[in-house]
Amino acid sequence: MDFYETLEKRRTYRDFSRQEVSDDILKRVIGAAFKAPTNDHLRQLEFIVVRG
C-alpha cells in the first residue's frame with residue numbers, strides 16, 4: 001500500500017469497543033508516534049494511557 005492509498009482509506013472512529021488493547025499493540029502505537037516528524041525536532045511528547 002502506498003502513501004496515497006493510505007490517505008484515501010483513512011477513517012475516523014467514534015464508536016469504540018470495550019475490548020482491552022494489548023501491551024504489544026500499545027507499545028507499537030506509541031513507538032510509531034515517537035517516530036512522527038515534528039516542526040522543531042525538540043517538542044517533548046507525553047502520552048497518558050488510562051485503563052479501567
# chains A, B, ... in the order shown; residues from 1 in each chain; ligands from 1
>>> residues_around(residues="Ile30 (chain A)", least_positions_apart="4", cutoff="10 Å", atoms="only C-alpha atoms", output="PyMOL selection string")
chain A and resi 25-26+34-35+46-47
>>> write_last_selection(atoms="C-alpha atoms", output="compact mmCIF listing (two decimals), in the first residue's frame")
# COMPACT_ATOMS: atom_id res chain seq x y z
CA ILE A 25 -0.18 -3.10 20.32
CA LEU A 26 0.04 -0.16 22.70
CA PHE A 34 7.59 8.92 18.64
CA LYS A 35 8.82 8.47 15.06
CA GLU A 46 3.85 12.91 26.57
CA PHE A 47 1.40 10.01 26.44
>>> atom_distance(atom1="CA of Pro37 (chain A)", atom2="CA of Phe3 (chain A)")
15.5 Å
>>> atom_distance(atom1="CA of Val21 (chain A)", atom2="CA of Val50 (chain A)")
10.9 Å
>>> atom_distance(atom1="CA of Asn39 (chain A)", atom2="CA of Lys27 (chain A)")
23.5 Å
